[in-house]
file target.pdb (PDB, C-alpha atoms)
ATOM      1  CA  MET A   1     -49.331 126.277  56.649
ATOM      2  CA  SER A   2     -51.211 129.269  58.005
ATOM      3  CA  GLU A   3     -54.047 128.988  60.518
ATOM      4  CA  ILE A   4     -56.723 129.825  57.886
ATOM      5  CA  GLU A   5     -55.456 127.002  55.657
ATOM      6  CA  ASP A   6     -55.612 124.399  58.422
ATOM      7  CA  ARG A   7     -58.861 125.074  60.269
ATOM      8  CA  TRP A   8     -62.391 124.131  59.329
ATOM      9  CA  LEU A   9     -64.265 127.017  57.703
ATOM     10  CA  SER A  10     -67.965 127.803  58.113
ATOM     11  CA  VAL A  11     -70.467 128.704  55.408
ATOM     12  CA  ASP A  12     -70.029 132.374  56.387
ATOM     13  CA  ASP A  13     -66.235 132.051  56.035
ATOM     14  CA  ILE A  14     -66.565 130.472  52.584
ATOM     15  CA  CYS A  15     -69.061 133.131  51.483
ATOM     16  CA  LYS A  16     -66.616 135.879  52.441
ATOM     17  CA  TYR A  17     -63.655 134.043  50.916
ATOM     18  CA  LEU A  18     -65.371 133.444  47.554
ATOM     19  CA  GLY A  19     -67.531 136.585  47.560
ATOM     20  CA  VAL A  20     -70.798 134.729  47.059
ATOM     21  CA  SER A  21     -74.078 134.337  48.940
ATOM     22  CA  LYS A  22     -75.081 131.468  51.217
ATOM     23  CA  ASP A  23     -77.676 130.414  48.653
ATOM     24  CA  THR A  24     -74.918 130.057  46.070
ATOM     25  CA  VAL A  25     -72.766 127.958  48.416
ATOM     26  CA  TYR A  26     -75.685 125.638  49.237
ATOM     27  CA  LYS A  27     -76.496 125.308  45.530
ATOM     28  CA  TRP A  28     -72.855 124.459  44.745
ATOM     29  CA  ILE A  29     -72.822 121.802  47.493
ATOM     30  CA  ASP A  30     -76.017 120.247  46.124
ATOM     31  CA  LYS A  31     -75.564 120.606  42.361
ATOM     32  CA  GLN A  32     -71.846 121.176  41.659
ATOM     33  CA  GLY A  33     -70.191 118.798  44.110
ATOM     34  CA  MET A  34     -68.506 121.465  46.226
ATOM     35  CA  PRO A  35     -66.426 119.639  48.867
ATOM     36  CA  ALA A  36     -68.233 120.128  52.173
ATOM     37  CA  TYR A  37     -68.720 118.131  55.341
ATOM     38  CA  ARG A  38     -71.898 118.132  57.370
ATOM     39  CA  ILE A  39     -71.257 118.124  61.099
ATOM     40  CA  GLY A  40     -74.633 118.006  62.801
ATOM     41  CA  ARG A  41     -76.596 120.865  61.254
ATOM     42  CA  LEU A  42     -73.497 122.774  60.142
ATOM     43  CA  TRP A  43     -71.520 122.607  56.910
ATOM     44  CA  LYS A  44     -67.730 122.819  57.215
ATOM     45  CA  PHE A  45     -65.034 123.267  54.578
ATOM     46  CA  LYS A  46     -61.274 122.987  54.130
ATOM     47  CA  LYS A  47     -59.843 125.966  52.251
ATOM     48  CA  ARG A  48     -57.336 123.915  50.242
ATOM     49  CA  GLN A  49     -60.132 121.609  49.014
ATOM     50  CA  ILE A  50     -62.269 124.603  48.042
ATOM     51  CA  ASP A  51     -59.343 126.171  46.168
ATOM     52  CA  ALA A  52     -58.743 122.922  44.262
ATOM     53  CA  TRP A  53     -62.458 122.541  43.512
ATOM     54  CA  VAL A  54     -62.761 126.095  42.165
ATOM     55  CA  GLU A  55     -59.632 125.741  40.023
ATOM     56  CA  GLY A  56     -60.638 122.313  38.717
ATOM     57  CA  SER A  57     -64.312 122.999  38.113
ATOM     58  CA  GLY A  58     -63.861 125.373  35.210
ATOM     59  CA  MET A  59     -65.394 128.200  37.227
ATOM     60  CA  LEU A  60     -62.322 130.336  36.559
ATOM     61  CA  THR A  61     -61.178 131.392  33.123
ATOM     62  CA  ASP A  62     -57.514 130.875  32.238
ATOM     63  CA  SER A  63     -56.776 134.552  32.859
ATOM     64  CA  GLU A  64     -58.083 134.253  36.444
ATOM     65  CA  LYS A  65     -55.982 131.198  37.377
TER      66      LYS A  65
END

call {"tool": "encode", "arguments": {"input": "target.pdb", "output": "structure tokens"}}
result
Amino acid sequence: MSEIEDRWLSVDDICKYLGVSKDTVYKWIDKQGMPAYRIGRLWKFKKRQIDAWVEGSGMLTDSEK
């Protein structure tokens, strides 16, 4: 498993990875059940959980999977 797959990612990392804004990430955490962990004031993510969430949430069309 590569280093990016194993480490905790920040909101900025997830924004870059998914190509979305911070507002979108916060909305997805609140309204769409995006897997995120609050550590103090910071949100942290595991890439493999985000990948599974995106693929399972219907956010991608079949041609994008």

call {"tool": "residues_around", "arguments": {"input": "target.pdb", "residues": "region 21-32 of chain A", "least_positions_apart": "2", "cutoff": "12 Å", "atoms": "only C-alpha atoms", "output": "list in words"}}
result
Ser10, Val11, Asp12, Asp13, Ile14, Cys15, Lys16, Tyr17, Leu18, Gly19, Met34, Pro35, Ala36, Tyr37, Arg38, Leu42, Trp43, Lys44, Phe45, Ile50, Trp53, Val54, Gly56, Ser57, Gly58 and Met59 of chain A

call {"tool": "write_last_selection", "arguments": {"input": "target.pdb", "atoms": "C-alpha atoms", "output": "mmCIF file, keeping the file's coordinate frame"}}
result
data_model
loop_
_atom_site.group_PDB
_atom_site.id
_atom_site.type_symbol
_atom_site.label_atom_id
_atom_site.label_comp_id
_atom_site.auth_asym_id
_atom_site.auth_seq_id
_atom_site.Cartn_x
_atom_site.Cartn_y
_atom_site.Cartn_z
ATOM 1 C CA SER A 10 -67.965 127.803 58.113
ATOM 2 C CA VAL A 11 -70.467 128.704 55.408
ATOM 3 C CA ASP A 12 -70.029 132.374 56.387
ATOM 4 C CA ASP A 13 -66.235 132.051 56.035
ATOM 5 C CA ILE A 14 -66.565 130.472 52.584
ATOM 6 C CA CYS A 15 -69.061 133.131 51.483
ATOM 7 C CA LYS A 16 -66.616 135.879 52.441
ATOM 8 C CA TYR A 17 -63.655 134.043 50.916
ATOM 9 C CA LEU A 18 -65.371 133.444 47.554
ATOM 10 C CA GLY A 19 -67.531 136.585 47.560
ATOM 11 C CA MET A 34 -68.506 121.465 46.226
ATOM 12 C CA PRO A 35 -66.426 119.639 48.867
ATOM 13 C CA ALA A 36 -68.233 120.128 52.173
ATOM 14 C CA TYR A 37 -68.720 118.131 55.341
ATOM 15 C CA ARG A 38 -71.898 118.132 57.370
ATOM 16 C CA LEU A 42 -73.497 122.774 60.142
ATOM 17 C CA TRP A 43 -71.520 122.607 56.910
ATOM 18 C CA LYS A 44 -67.730 122.819 57.215
ATOM 19 C CA PHE A 45 -65.034 123.267 54.578
ATOM 20 C CA ILE A 50 -62.269 124.603 48.042
ATOM 21 C CA TRP A 53 -62.458 122.541 43.512
ATOM 22 C CA VAL A 54 -62.761 126.095 42.165
ATOM 23 C CA GLY A 56 -60.638 122.313 38.717
ATOM 24 C CA SER A 57 -64.312 122.999 38.113
ATOM 25 C CA GLY A 58 -63.861 125.373 35.210
ATOM 26 C CA MET A 59 -65.394 128.200 37.227
#

call {"tool": "axis_aligned_box", "arguments": {"input": "target.pdb", "around": "region 28-46 of chain A", "padding_each_side": "4 Å", "output": "JSON"}}
result
{"center_x": -68.9, "center_y": 121.2, "center_z": 52.2, "size_x": 23.3, "size_y": 14.5, "size_z": 29.1}

call {"tool": "resolve_selection", "arguments": {"input": "target.pdb", "expression": "the PyMOL selection byres ((chain A and resi 8) around 9)", "output": "count of residues only"}}
result
10
